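data-v4.cif (mmCIF, N, CA and C atoms)
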```
data_structure
#
loop_
_atom_site.label_atom_id
_atom_site.label_comp_id
_atom_site.auth_asym_id
_atom_site.auth_seq_id
_atom_site.Cartn_x
_atom_site.Cartn_y
_atom_site.Cartn_z
N MET B 44 136.72 174.93 108.02
CA MET B 44 135.89 174.16 108.90
C MET B 44 136.75 173.29 109.84
N LEU B 45 137.79 172.67 109.31
CA LEU B 45 138.66 171.83 110.13
C LEU B 45 139.39 172.68 111.17
N ASP B 46 139.81 173.89 110.77
CA ASP B 46 140.50 174.77 111.71
C ASP B 46 139.60 175.11 112.91
N ARG B 47 138.34 175.38 112.64
CA ARG B 47 137.41 175.71 113.71
C ARG B 47 137.25 174.52 114.66
N GLN B 48 137.15 173.31 114.12
CA GLN B 48 136.98 172.11 114.94
C GLN B 48 138.24 171.82 115.76
N ILE B 49 139.40 172.02 115.15
CA ILE B 49 140.66 171.83 115.88
C ILE B 49 140.75 172.83 117.03
N ARG B 50 140.42 174.09 116.74
CA ARG B 50 140.48 175.13 117.77
C ARG B 50 139.50 174.83 118.91
N GLU B 51 138.29 174.36 118.57
CA GLU B 51 137.30 174.02 119.59
C GLU B 51 137.77 172.84 120.45
N MET B 52 138.34 171.80 119.81
CA MET B 52 138.87 170.65 120.56
C MET B 52 140.00 171.10 121.48
N PHE B 53 140.87 171.93 120.96
CA PHE B 53 142.02 172.41 121.71
C PHE B 53 141.55 173.18 122.95
N ALA B 54 140.56 174.05 122.78
CA ALA B 54 140.03 174.85 123.88
C ALA B 54 139.25 173.97 124.86
N ALA B 55 138.50 173.00 124.35
CA ALA B 55 137.69 172.13 125.21
C ALA B 55 138.55 171.30 126.14
N HIS B 56 139.76 171.00 125.73
CA HIS B 56 140.67 170.20 126.55
C HIS B 56 141.74 171.07 127.21
N ARG B 57 141.40 172.33 127.45
CA ARG B 57 142.24 173.29 128.19
C ARG B 57 143.68 173.37 127.66
N GLN B 58 143.83 173.32 126.35
CA GLN B 58 145.12 173.48 125.67
C GLN B 58 146.12 172.40 126.06
N ARG B 59 145.64 171.25 126.51
CA ARG B 59 146.50 170.13 126.91
C ARG B 59 146.67 169.10 125.82
N TYR B 60 145.77 169.08 124.84
CA TYR B 60 145.84 168.08 123.78
C TYR B 60 146.77 168.54 122.66
N GLY B 61 147.69 167.68 122.30
CA GLY B 61 148.57 167.94 121.17
C GLY B 61 148.00 167.29 119.92
N THR B 62 148.82 167.20 118.89
CA THR B 62 148.39 166.67 117.61
C THR B 62 147.80 165.26 117.69
N PRO B 63 148.47 164.28 118.33
CA PRO B 63 147.91 162.93 118.33
C PRO B 63 146.54 162.84 119.00
N ARG B 64 146.36 163.51 120.11
CA ARG B 64 145.09 163.42 120.82
C ARG B 64 143.99 164.20 120.11
N ILE B 65 144.33 165.34 119.53
CA ILE B 65 143.34 166.10 118.75
C ILE B 65 142.89 165.26 117.56
N THR B 66 143.84 164.60 116.89
CA THR B 66 143.51 163.76 115.74
C THR B 66 142.58 162.63 116.17
N GLU B 67 142.90 161.99 117.28
CA GLU B 67 142.05 160.90 117.77
C GLU B 67 140.65 161.40 118.14
N ALA B 68 140.59 162.58 118.78
CA ALA B 68 139.29 163.14 119.15
C ALA B 68 138.48 163.49 117.90
N LEU B 69 139.14 164.00 116.88
CA LEU B 69 138.44 164.30 115.62
C LEU B 69 137.93 163.01 114.96
N HIS B 70 138.73 161.96 114.99
CA HIS B 70 138.29 160.67 114.44
C HIS B 70 137.08 160.16 115.21
N ASP B 71 137.07 160.33 116.53
CA ASP B 71 135.92 159.92 117.35
C ASP B 71 134.66 160.69 116.97
N GLU B 72 134.82 161.91 116.49
CA GLU B 72 133.69 162.73 116.04
C GLU B 72 133.28 162.40 114.61
N GLY B 73 134.02 161.50 113.96
CA GLY B 73 133.70 161.10 112.58
C GLY B 73 134.35 161.96 111.53
N ILE B 74 135.35 162.73 111.91
CA ILE B 74 136.05 163.61 110.97
C ILE B 74 137.32 162.90 110.53
N THR B 75 137.48 162.70 109.24
CA THR B 75 138.65 162.02 108.71
C THR B 75 139.74 163.04 108.38
N CYS B 76 140.90 162.86 109.00
CA CYS B 76 142.05 163.72 108.72
C CYS B 76 143.29 163.00 109.26
N SER B 77 144.43 163.36 108.70
CA SER B 77 145.67 162.72 109.13
C SER B 77 146.31 163.52 110.27
N LYS B 78 147.18 162.85 111.00
CA LYS B 78 147.89 163.51 112.09
C LYS B 78 148.77 164.64 111.54
N ASN B 79 149.38 164.42 110.39
CA ASN B 79 150.23 165.45 109.80
C ASN B 79 149.44 166.70 109.42
N ARG B 80 148.22 166.50 108.91
CA ARG B 80 147.41 167.66 108.55
C ARG B 80 147.02 168.45 109.81
N VAL B 81 146.64 167.74 110.88
CA VAL B 81 146.28 168.41 112.14
C VAL B 81 147.49 169.16 112.68
N ALA B 82 148.66 168.54 112.61
CA ALA B 82 149.88 169.20 113.09
C ALA B 82 150.16 170.46 112.28
N ARG B 83 150.01 170.38 110.99
CA ARG B 83 150.26 171.53 110.12
C ARG B 83 149.28 172.66 110.42
N ARG B 84 147.99 172.33 110.57
CA ARG B 84 146.98 173.35 110.84
C ARG B 84 147.17 173.97 112.23
N MET B 85 147.54 173.14 113.21
CA MET B 85 147.79 173.68 114.55
C MET B 85 148.99 174.62 114.52
N GLY B 86 150.00 174.29 113.74
CA GLY B 86 151.17 175.15 113.61
C GLY B 86 150.83 176.48 112.99
N VAL B 87 149.99 176.46 111.96
CA VAL B 87 149.57 177.69 111.29
C VAL B 87 148.78 178.58 112.25
N MET B 88 147.94 177.95 113.08
CA MET B 88 147.12 178.72 114.02
C MET B 88 147.88 179.08 115.30
N GLY B 89 149.10 178.56 115.46
CA GLY B 89 149.90 178.87 116.65
C GLY B 89 149.43 178.14 117.90
N LEU B 90 148.80 176.99 117.73
CA LEU B 90 148.32 176.20 118.87
C LEU B 90 149.40 175.20 119.28
N GLU B 91 149.82 175.29 120.51
CA GLU B 91 150.83 174.38 121.03
C GLU B 91 150.39 173.91 122.41
N ALA B 92 150.37 172.61 122.61
CA ALA B 92 149.87 172.04 123.86
C ALA B 92 150.77 172.41 125.02
N ILE B 93 150.15 172.67 126.16
CA ILE B 93 150.87 172.95 127.40
C ILE B 93 151.27 171.62 128.01
N GLN B 94 152.55 171.45 128.29
CA GLN B 94 153.03 170.21 128.88
C GLN B 94 153.22 170.40 130.37
N THR B 95 152.78 169.40 131.13
CA THR B 95 152.98 169.46 132.57
C THR B 95 154.40 168.99 132.89
N LYS B 96 154.96 169.55 133.94
CA LYS B 96 156.31 169.15 134.35
C LYS B 96 156.26 167.78 134.99
N LYS B 97 157.23 166.97 134.66
CA LYS B 97 157.30 165.63 135.23
C LYS B 97 157.77 165.70 136.67
N PHE B 98 157.31 164.76 137.48
CA PHE B 98 157.69 164.69 138.89
C PHE B 98 159.16 164.32 138.99
N LYS B 99 159.89 165.04 139.83
CA LYS B 99 161.30 164.76 140.03
C LYS B 99 161.53 164.46 141.51
N VAL B 100 162.09 163.31 141.80
CA VAL B 100 162.38 162.93 143.17
C VAL B 100 163.55 163.77 143.67
N THR B 101 163.36 164.43 144.82
CA THR B 101 164.42 165.28 145.37
C THR B 101 164.93 164.77 146.71
N THR B 102 164.32 163.73 147.24
CA THR B 102 164.72 163.20 148.53
C THR B 102 165.37 161.84 148.36
N ASP B 103 166.53 161.67 148.97
CA ASP B 103 167.22 160.38 148.94
C ASP B 103 167.16 159.81 150.35
N SER B 104 166.20 158.92 150.58
CA SER B 104 166.02 158.34 151.91
C SER B 104 166.91 157.13 152.13
N ALA B 105 167.43 156.56 151.06
CA ALA B 105 168.27 155.36 151.18
C ALA B 105 169.74 155.79 151.26
N HIS B 106 170.14 156.28 152.40
CA HIS B 106 171.53 156.69 152.59
C HIS B 106 172.02 156.19 153.94
N ALA B 107 173.32 156.21 154.11
CA ALA B 107 173.92 155.72 155.36
C ALA B 107 174.32 156.87 156.28
N LYS B 108 173.89 158.07 155.96
CA LYS B 108 174.25 159.23 156.79
C LYS B 108 173.41 159.24 158.06
N PRO B 109 173.93 159.82 159.14
CA PRO B 109 173.17 159.84 160.39
C PRO B 109 171.94 160.73 160.28
N VAL B 110 170.87 160.30 160.94
CA VAL B 110 169.62 161.04 160.95
C VAL B 110 169.39 161.53 162.37
N ALA B 111 169.02 162.79 162.51
CA ALA B 111 168.78 163.36 163.85
C ALA B 111 167.57 162.67 164.48
N PRO B 112 167.62 162.46 165.79
CA PRO B 112 166.50 161.80 166.46
C PRO B 112 165.26 162.70 166.49
N ASN B 113 164.09 162.08 166.44
CA ASN B 113 162.82 162.81 166.52
C ASN B 113 162.46 162.98 167.98
N ARG B 114 162.90 164.05 168.58
CA ARG B 114 162.69 164.25 170.02
C ARG B 114 161.29 164.78 170.33
N LEU B 115 160.66 165.44 169.38
CA LEU B 115 159.32 165.98 169.64
C LEU B 115 158.23 164.91 169.49
N GLU B 116 158.41 164.00 168.57
CA GLU B 116 157.43 162.94 168.29
C GLU B 116 156.02 163.50 168.19
N GLN B 117 155.85 164.56 167.41
CA GLN B 117 154.56 165.22 167.13
C GLN B 117 153.94 165.88 168.36
N ASP B 118 154.64 165.99 169.48
CA ASP B 118 154.13 166.68 170.66
C ASP B 118 154.70 168.10 170.66
N PHE B 119 153.92 169.06 170.12
CA PHE B 119 154.40 170.42 169.97
C PHE B 119 154.01 171.32 171.15
N HIS B 120 153.38 170.76 172.16
CA HIS B 120 152.99 171.54 173.33
C HIS B 120 154.21 171.69 174.26
N ALA B 121 154.54 172.92 174.60
CA ALA B 121 155.69 173.19 175.47
C ALA B 121 155.20 173.57 176.86
N THR B 122 155.90 173.11 177.87
CA THR B 122 155.53 173.43 179.26
C THR B 122 155.95 174.83 179.65
N ALA B 123 156.94 175.38 178.97
CA ALA B 123 157.43 176.73 179.25
C ALA B 123 158.03 177.29 177.96
N PRO B 124 158.20 178.62 177.91
CA PRO B 124 158.83 179.20 176.72
C PRO B 124 160.26 178.70 176.53
N ASN B 125 160.69 178.64 175.29
CA ASN B 125 162.06 178.30 174.93
C ASN B 125 162.43 176.85 175.29
N ARG B 126 161.45 175.97 175.30
CA ARG B 126 161.70 174.57 175.64
C ARG B 126 161.78 173.68 174.39
N LYS B 127 161.05 174.02 173.34
CA LYS B 127 161.05 173.21 172.12
C LYS B 127 161.33 174.12 170.93
N TRP B 128 162.28 173.70 170.13
CA TRP B 128 162.67 174.46 168.96
C TRP B 128 162.47 173.60 167.72
N THR B 129 162.17 174.24 166.61
CA THR B 129 162.10 173.54 165.33
C THR B 129 162.92 174.31 164.31
N SER B 130 163.21 173.67 163.21
CA SER B 130 163.95 174.34 162.14
C SER B 130 163.43 173.82 160.81
N ASP B 131 163.89 174.46 159.76
CA ASP B 131 163.47 174.09 158.42
C ASP B 131 164.66 174.22 157.50
N ILE B 132 164.70 173.35 156.51
CA ILE B 132 165.75 173.44 155.50
C ILE B 132 165.10 173.88 154.20
N THR B 133 165.59 174.97 153.64
CA THR B 133 165.07 175.48 152.39
C THR B 133 166.23 175.63 151.42
N SER B 134 166.05 175.11 150.21
CA SER B 134 167.08 175.29 149.19
C SER B 134 166.46 175.93 147.96
N VAL B 135 167.21 176.81 147.35
CA VAL B 135 166.76 177.55 146.19
C VAL B 135 167.83 177.44 145.11
N TRP B 136 167.43 177.03 143.89
CA TRP B 136 168.37 176.96 142.77
C TRP B 136 168.52 178.35 142.16
N THR B 137 169.76 178.79 142.00
CA THR B 137 170.05 180.08 141.37
C THR B 137 171.09 179.86 140.28
N ASP B 138 171.41 180.91 139.55
CA ASP B 138 172.45 180.82 138.53
C ASP B 138 173.82 180.55 139.14
N GLU B 139 173.98 180.93 140.41
CA GLU B 139 175.26 180.75 141.09
C GLU B 139 175.40 179.38 141.74
N GLY B 140 174.34 178.61 141.79
CA GLY B 140 174.36 177.30 142.43
C GLY B 140 173.18 177.16 143.36
N VAL B 141 173.28 176.23 144.29
CA VAL B 141 172.21 175.98 145.24
C VAL B 141 172.42 176.84 146.48
N VAL B 142 171.40 177.55 146.89
CA VAL B 142 171.44 178.34 148.10
C VAL B 142 170.61 177.60 149.13
N VAL B 143 171.19 177.34 150.29
CA VAL B 143 170.50 176.58 151.34
C VAL B 143 170.41 177.43 152.59
N SER B 144 169.23 177.49 153.18
CA SER B 144 169.04 178.18 154.45
C SER B 144 168.49 177.17 155.44
N ARG B 145 169.20 176.95 156.54
CA ARG B 145 168.73 176.01 157.54
C ARG B 145 167.98 176.69 158.66
N ARG B 146 167.88 178.01 158.63
CA ARG B 146 167.10 178.75 159.63
C ARG B 146 165.98 179.45 158.91
N GLY B 147 164.76 179.16 159.28
CA GLY B 147 163.62 179.79 158.62
C GLY B 147 163.48 181.26 158.92
N ASP B 148 164.09 181.74 160.02
CA ASP B 148 163.90 183.14 160.40
C ASP B 148 165.05 184.04 159.95
N GLY B 149 166.07 183.50 159.34
CA GLY B 149 167.23 184.31 158.95
C GLY B 149 167.15 184.73 157.50
N PRO B 150 167.91 185.74 157.15
CA PRO B 150 167.93 186.16 155.75
C PRO B 150 168.62 185.11 154.89
N LEU B 151 168.19 185.01 153.66
CA LEU B 151 168.75 184.03 152.74
C LEU B 151 169.91 184.68 151.98
N ARG B 152 171.10 184.19 152.21
CA ARG B 152 172.28 184.74 151.54
C ARG B 152 172.72 183.78 150.46
N THR B 153 173.31 184.31 149.41
CA THR B 153 173.72 183.45 148.31
C THR B 153 175.08 182.84 148.59
N SER B 154 175.25 181.64 148.10
CA SER B 154 176.53 180.95 148.18
C SER B 154 176.59 179.98 147.02
N HIS B 155 177.71 179.34 146.86
CA HIS B 155 177.84 178.37 145.78
C HIS B 155 177.88 176.97 146.38
N ARG B 156 176.73 176.33 146.41
CA ARG B 156 176.58 174.96 146.89
C ARG B 156 177.14 174.75 148.31
N ARG B 157 176.75 175.59 149.20
CA ARG B 157 177.15 175.39 150.60
C ARG B 157 176.02 175.89 151.49
N VAL B 158 176.04 175.47 152.73
CA VAL B 158 175.00 175.83 153.68
C VAL B 158 175.32 177.20 154.25
N VAL B 159 174.29 178.06 154.31
CA VAL B 159 174.44 179.37 154.92
C VAL B 159 173.44 179.49 156.06
N ASP B 160 173.68 180.41 156.97
CA ASP B 160 172.81 180.66 158.11
C ASP B 160 172.63 179.41 158.98
N ALA B 161 173.65 178.59 159.11
CA ALA B 161 173.54 177.37 159.91
C ALA B 161 174.27 177.54 161.23
N PRO B 162 173.75 176.91 162.29
CA PRO B 162 174.48 176.94 163.55
C PRO B 162 175.71 176.05 163.45
N PRO B 163 176.69 176.23 164.33
CA PRO B 163 177.87 175.35 164.30
C PRO B 163 177.46 173.90 164.52
N ASP B 164 178.27 172.97 164.04
CA ASP B 164 177.95 171.55 164.12
C ASP B 164 177.76 171.08 165.55
N ASP B 165 178.43 171.67 166.52
CA ASP B 165 178.35 171.18 167.89
C ASP B 165 177.16 171.76 168.66
N THR B 166 176.37 172.63 168.01
CA THR B 166 175.21 173.22 168.65
C THR B 166 174.06 172.23 168.63
N THR B 167 173.42 172.00 169.76
CA THR B 167 172.28 171.08 169.83
C THR B 167 171.01 171.89 169.75
N ILE B 168 170.20 171.56 168.76
CA ILE B 168 168.90 172.20 168.62
C ILE B 168 167.87 171.13 168.90
N GLY B 169 167.04 171.34 169.86
CA GLY B 169 166.01 170.35 170.21
C GLY B 169 165.51 170.58 171.61
N VAL B 170 165.02 169.51 172.21
CA VAL B 170 164.43 169.60 173.55
C VAL B 170 165.50 169.75 174.60
#
```
I'd like the structure from this file rewritten - as structure tokens, please.
Amino acid sequence: MLDRQIREMFAAHRQRYGTPRITEALHDEGITCSKNRVARRMGVMGLEAIQTKKFKVTTDSAHAKPVAPNRLEQDFHATAPNRKWTSDITSVWTDEGVVVSRRGDGPLRTSHRRVVDAPPDDTTIGV
């Protein structure tokens, strides 16, 4: 009977509740059981809560490095072709290291923690 109730609680909470929360929910329903017993029964039934990934900050805005000027200022309308250009930075973690592509239209080549598909430093991209 307890196994059925644990399984129902687990399913009702979309497999997100682990032992402590299942135990508390059972206590709220008036069912007396210990956390250790719930943990043991969940283990026997192969029920394991799905954990969400924690948020990881990937942007460091507090730096002294130069920032490119915002020449478009949200005005994406061009008066003629080839007048306004944009770019994107994409990085992908691989077994070999970080792969970075600074051109959205180019093929992504692997490297070991270095920028690939980038224009030379003296090239001006913008208006």
| request: Give me the residues within 12 Å of Ala54 of chain B as a list in words, counting only C-alpha atoms and dropping any in the same chain fewer than 5 places off. | output: Arg47, Gln48, Ile49, Arg59, Tyr60, Gly61, Ile65, Leu90, Glu91, Ala92 and Ile93 of chain B
Would you put the residues from that selection into a file with N, CA and C atoms, as a compact mmCIF listing (two decimals), in the coordinates of the input?
```
# COMPACT_ATOMS: atom_id res chain seq x y z
N ARG B 47 138.34 175.38 112.64
CA ARG B 47 137.41 175.71 113.71
C ARG B 47 137.25 174.52 114.66
N GLN B 48 137.15 173.31 114.12
CA GLN B 48 136.98 172.11 114.94
C GLN B 48 138.24 171.82 115.76
N ILE B 49 139.40 172.02 115.15
CA ILE B 49 140.66 171.83 115.88
C ILE B 49 140.75 172.83 117.03
N ARG B 59 145.64 171.25 126.51
CA ARG B 59 146.50 170.13 126.91
C ARG B 59 146.67 169.10 125.82
N TYR B 60 145.77 169.08 124.84
CA TYR B 60 145.84 168.08 123.78
C TYR B 60 146.77 168.54 122.66
N GLY B 61 147.69 167.68 122.30
CA GLY B 61 148.57 167.94 121.17
C GLY B 61 148.00 167.29 119.92
N ILE B 65 144.33 165.34 119.53
CA ILE B 65 143.34 166.10 118.75
C ILE B 65 142.89 165.26 117.56
N LEU B 90 148.80 176.99 117.73
CA LEU B 90 148.32 176.20 118.87
C LEU B 90 149.40 175.20 119.28
N GLU B 91 149.82 175.29 120.51
CA GLU B 91 150.83 174.38 121.03
C GLU B 91 150.39 173.91 122.41
N ALA B 92 150.37 172.61 122.61
CA ALA B 92 149.87 172.04 123.86
C ALA B 92 150.77 172.41 125.02
N ILE B 93 150.15 172.67 126.16
CA ILE B 93 150.87 172.95 127.40
C ILE B 93 151.27 171.62 128.01
```
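Taking atom CA of Met88 of chain B as the reference point, atom N of Arg57 of chain B is found at 15.9 Å.
As for atom CA of Thr95 of chain B and atom CA of His56 of chain B, they are spaced 13.7 Å apart.
With atom CA of Phe119 of chain B on one side and atom N of His106 of chain B on the other, the separation reads 27.5 Å.
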Would you list, as number ranges by chain, the residues of segment 114-144 of chain B that end up in strand (DSSP E or B) under DSSP run on this structure's backbone? B: 133-137, 140-144
Export of prior selection with N, CA and C atoms as an mmCIF file, in the frame of the given file:
```
data_model
loop_
_atom_site.group_PDB
_atom_site.id
_atom_site.type_symbol
_atom_site.label_atom_id
_atom_site.label_comp_id
_atom_site.auth_asym_id
_atom_site.auth_seq_id
_atom_site.Cartn_x
_atom_site.Cartn_y
_atom_site.Cartn_z
ATOM 1 N N THR B 133 165.590 174.970 153.640
ATOM 2 C CA THR B 133 165.070 175.480 152.390
ATOM 3 C C THR B 133 166.230 175.630 151.420
ATOM 4 N N SER B 134 166.050 175.110 150.210
ATOM 5 C CA SER B 134 167.080 175.290 149.190
ATOM 6 C C SER B 134 166.460 175.930 147.960
ATOM 7 N N VAL B 135 167.210 176.810 147.350
ATOM 8 C CA VAL B 135 166.760 177.550 146.190
ATOM 9 C C VAL B 135 167.830 177.440 145.110
ATOM 10 N N TRP B 136 167.430 177.030 143.890
ATOM 11 C CA TRP B 136 168.370 176.960 142.770
ATOM 12 C C TRP B 136 168.520 178.350 142.160
ATOM 13 N N THR B 137 169.760 178.790 142.000
ATOM 14 C CA THR B 137 170.050 180.080 141.370
ATOM 15 C C THR B 137 171.090 179.860 140.280
ATOM 16 N N GLY B 140 174.340 178.610 141.790
ATOM 17 C CA GLY B 140 174.360 177.300 142.430
ATOM 18 C C GLY B 140 173.180 177.160 143.360
ATOM 19 N N VAL B 141 173.280 176.230 144.290
ATOM 20 C CA VAL B 141 172.210 175.980 145.240
ATOM 21 C C VAL B 141 172.420 176.840 146.480
ATOM 22 N N VAL B 142 171.400 177.550 146.890
ATOM 23 C CA VAL B 142 171.440 178.340 148.100
ATOM 24 C C VAL B 142 170.610 177.600 149.130
ATOM 25 N N VAL B 143 171.190 177.340 150.290
ATOM 26 C CA VAL B 143 170.500 176.580 151.340
ATOM 27 C C VAL B 143 170.410 177.430 152.590
ATOM 28 N N SER B 144 169.230 177.490 153.180
ATOM 29 C CA SER B 144 169.040 178.180 154.450
ATOM 30 C C SER B 144 168.490 177.170 155.440
#
```
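Against the coordinates shown, the PyMOL selection byres ((chain B and resi 78) around 8) returns Thr62, Pro63, Ile65, Thr66, Glu67, Thr75, Cys76, Ser77, Asn79, Arg80, Val81, Ala82, Arg83 and Arg84 of chain B.
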Include N, CA and C atoms and write out the residues we just selected as a CSV table (one decimal), in the coordinates of the input.
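Full text of selection_31.csv as output:
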```
chain,number,residue,atom,x,y,z
B,62,THR,N,148.8,167.2,118.9
B,62,THR,CA,148.4,166.7,117.6
B,62,THR,C,147.8,165.3,117.7
B,63,PRO,N,148.5,164.3,118.3
B,63,PRO,CA,147.9,162.9,118.3
B,63,PRO,C,146.5,162.8,119.0
B,65,ILE,N,144.3,165.3,119.5
B,65,ILE,CA,143.3,166.1,118.8
B,65,ILE,C,142.9,165.3,117.6
B,66,THR,N,143.8,164.6,116.9
B,66,THR,CA,143.5,163.8,115.7
B,66,THR,C,142.6,162.6,116.2
B,67,GLU,N,142.9,162.0,117.3
B,67,GLU,CA,142.0,160.9,117.8
B,67,GLU,C,140.6,161.4,118.1
B,75,THR,N,137.5,162.7,109.2
B,75,THR,CA,138.6,162.0,108.7
B,75,THR,C,139.7,163.0,108.4
B,76,CYS,N,140.9,162.9,109.0
B,76,CYS,CA,142.0,163.7,108.7
B,76,CYS,C,143.3,163.0,109.3
B,77,SER,N,144.4,163.4,108.7
B,77,SER,CA,145.7,162.7,109.1
B,77,SER,C,146.3,163.5,110.3
B,79,ASN,N,149.4,164.4,110.4
B,79,ASN,CA,150.2,165.4,109.8
B,79,ASN,C,149.4,166.7,109.4
B,80,ARG,N,148.2,166.5,108.9
B,80,ARG,CA,147.4,167.7,108.6
B,80,ARG,C,147.0,168.4,109.8
B,81,VAL,N,146.6,167.7,110.9
B,81,VAL,CA,146.3,168.4,112.1
B,81,VAL,C,147.5,169.2,112.7
B,82,ALA,N,148.7,168.5,112.6
B,82,ALA,CA,149.9,169.2,113.1
B,82,ALA,C,150.2,170.5,112.3
B,83,ARG,N,150.0,170.4,111.0
B,83,ARG,CA,150.3,171.5,110.1
B,83,ARG,C,149.3,172.7,110.4
B,84,ARG,N,148.0,172.3,110.6
B,84,ARG,CA,147.0,173.4,110.8
B,84,ARG,C,147.2,174.0,112.2
```
Can you list, as an mmCIF file with N, CA and C atoms, in the coordinates of the input, all residues belonging to segment 50-155 of chain B that DSSP tags as helix (DSSP H, G or I)?
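Output below, filename states-v2.cif:
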```cif
data_model
loop_
_atom_site.group_PDB
_atom_site.id
_atom_site.type_symbol
_atom_site.label_atom_id
_atom_site.label_comp_id
_atom_site.auth_asym_id
_atom_site.auth_seq_id
_atom_site.Cartn_x
_atom_site.Cartn_y
_atom_site.Cartn_z
ATOM 1 N N ARG B 50 140.420 174.090 116.740
ATOM 2 C CA ARG B 50 140.480 175.130 117.770
ATOM 3 C C ARG B 50 139.500 174.830 118.910
ATOM 4 N N GLU B 51 138.290 174.360 118.570
ATOM 5 C CA GLU B 51 137.300 174.020 119.590
ATOM 6 C C GLU B 51 137.770 172.840 120.450
ATOM 7 N N MET B 52 138.340 171.800 119.810
ATOM 8 C CA MET B 52 138.870 170.650 120.560
ATOM 9 C C MET B 52 140.000 171.100 121.480
ATOM 10 N N PHE B 53 140.870 171.930 120.960
ATOM 11 C CA PHE B 53 142.020 172.410 121.710
ATOM 12 C C PHE B 53 141.550 173.180 122.950
ATOM 13 N N ALA B 54 140.560 174.050 122.780
ATOM 14 C CA ALA B 54 140.030 174.850 123.880
ATOM 15 C C ALA B 54 139.250 173.970 124.860
ATOM 16 N N ALA B 55 138.500 173.000 124.350
ATOM 17 C CA ALA B 55 137.690 172.130 125.210
ATOM 18 C C ALA B 55 138.550 171.300 126.140
ATOM 19 N N THR B 62 148.820 167.200 118.890
ATOM 20 C CA THR B 62 148.390 166.670 117.610
ATOM 21 C C THR B 62 147.800 165.260 117.690
ATOM 22 N N PRO B 63 148.470 164.280 118.330
ATOM 23 C CA PRO B 63 147.910 162.930 118.330
ATOM 24 C C PRO B 63 146.540 162.840 119.000
ATOM 25 N N ARG B 64 146.360 163.510 120.110
ATOM 26 C CA ARG B 64 145.090 163.420 120.820
ATOM 27 C C ARG B 64 143.990 164.200 120.110
ATOM 28 N N ILE B 65 144.330 165.340 119.530
ATOM 29 C CA ILE B 65 143.340 166.100 118.750
ATOM 30 C C ILE B 65 142.890 165.260 117.560
ATOM 31 N N THR B 66 143.840 164.600 116.890
ATOM 32 C CA THR B 66 143.510 163.760 115.740
ATOM 33 C C THR B 66 142.580 162.630 116.170
ATOM 34 N N GLU B 67 142.900 161.990 117.280
ATOM 35 C CA GLU B 67 142.050 160.900 117.770
ATOM 36 C C GLU B 67 140.650 161.400 118.140
ATOM 37 N N ALA B 68 140.590 162.580 118.780
ATOM 38 C CA ALA B 68 139.290 163.140 119.150
ATOM 39 C C ALA B 68 138.480 163.490 117.900
ATOM 40 N N LEU B 69 139.140 164.000 116.880
ATOM 41 C CA LEU B 69 138.440 164.300 115.620
ATOM 42 C C LEU B 69 137.930 163.010 114.960
ATOM 43 N N HIS B 70 138.730 161.960 114.990
ATOM 44 C CA HIS B 70 138.290 160.670 114.440
ATOM 45 C C HIS B 70 137.080 160.160 115.210
ATOM 46 N N ASP B 71 137.070 160.330 116.530
ATOM 47 C CA ASP B 71 135.920 159.920 117.350
ATOM 48 C C ASP B 71 134.660 160.690 116.970
ATOM 49 N N LYS B 78 147.180 162.850 111.000
ATOM 50 C CA LYS B 78 147.890 163.510 112.090
ATOM 51 C C LYS B 78 148.770 164.640 111.540
ATOM 52 N N ASN B 79 149.380 164.420 110.390
ATOM 53 C CA ASN B 79 150.230 165.450 109.800
ATOM 54 C C ASN B 79 149.440 166.700 109.420
ATOM 55 N N ARG B 80 148.220 166.500 108.910
ATOM 56 C CA ARG B 80 147.410 167.660 108.550
ATOM 57 C C ARG B 80 147.020 168.450 109.810
ATOM 58 N N VAL B 81 146.640 167.740 110.880
ATOM 59 C CA VAL B 81 146.280 168.410 112.140
ATOM 60 C C VAL B 81 147.490 169.160 112.680
ATOM 61 N N ALA B 82 148.660 168.540 112.610
ATOM 62 C CA ALA B 82 149.880 169.200 113.090
ATOM 63 C C ALA B 82 150.160 170.460 112.280
ATOM 64 N N ARG B 83 150.010 170.380 110.990
ATOM 65 C CA ARG B 83 150.260 171.530 110.120
ATOM 66 C C ARG B 83 149.280 172.660 110.420
ATOM 67 N N ARG B 84 147.990 172.330 110.570
ATOM 68 C CA ARG B 84 146.980 173.350 110.840
ATOM 69 C C ARG B 84 147.170 173.970 112.230
ATOM 70 N N MET B 85 147.540 173.140 113.210
ATOM 71 C CA MET B 85 147.790 173.680 114.550
ATOM 72 C C MET B 85 148.990 174.620 114.520
ATOM 73 N N GLY B 86 150.000 174.290 113.740
ATOM 74 C CA GLY B 86 151.170 175.150 113.610
ATOM 75 C C GLY B 86 150.830 176.480 112.990
ATOM 76 N N VAL B 87 149.990 176.460 111.960
ATOM 77 C CA VAL B 87 149.570 177.690 111.290
ATOM 78 C C VAL B 87 148.780 178.580 112.250
ATOM 79 N N MET B 88 147.940 177.950 113.080
ATOM 80 C CA MET B 88 147.120 178.720 114.020
ATOM 81 C C MET B 88 147.880 179.080 115.300
#
```
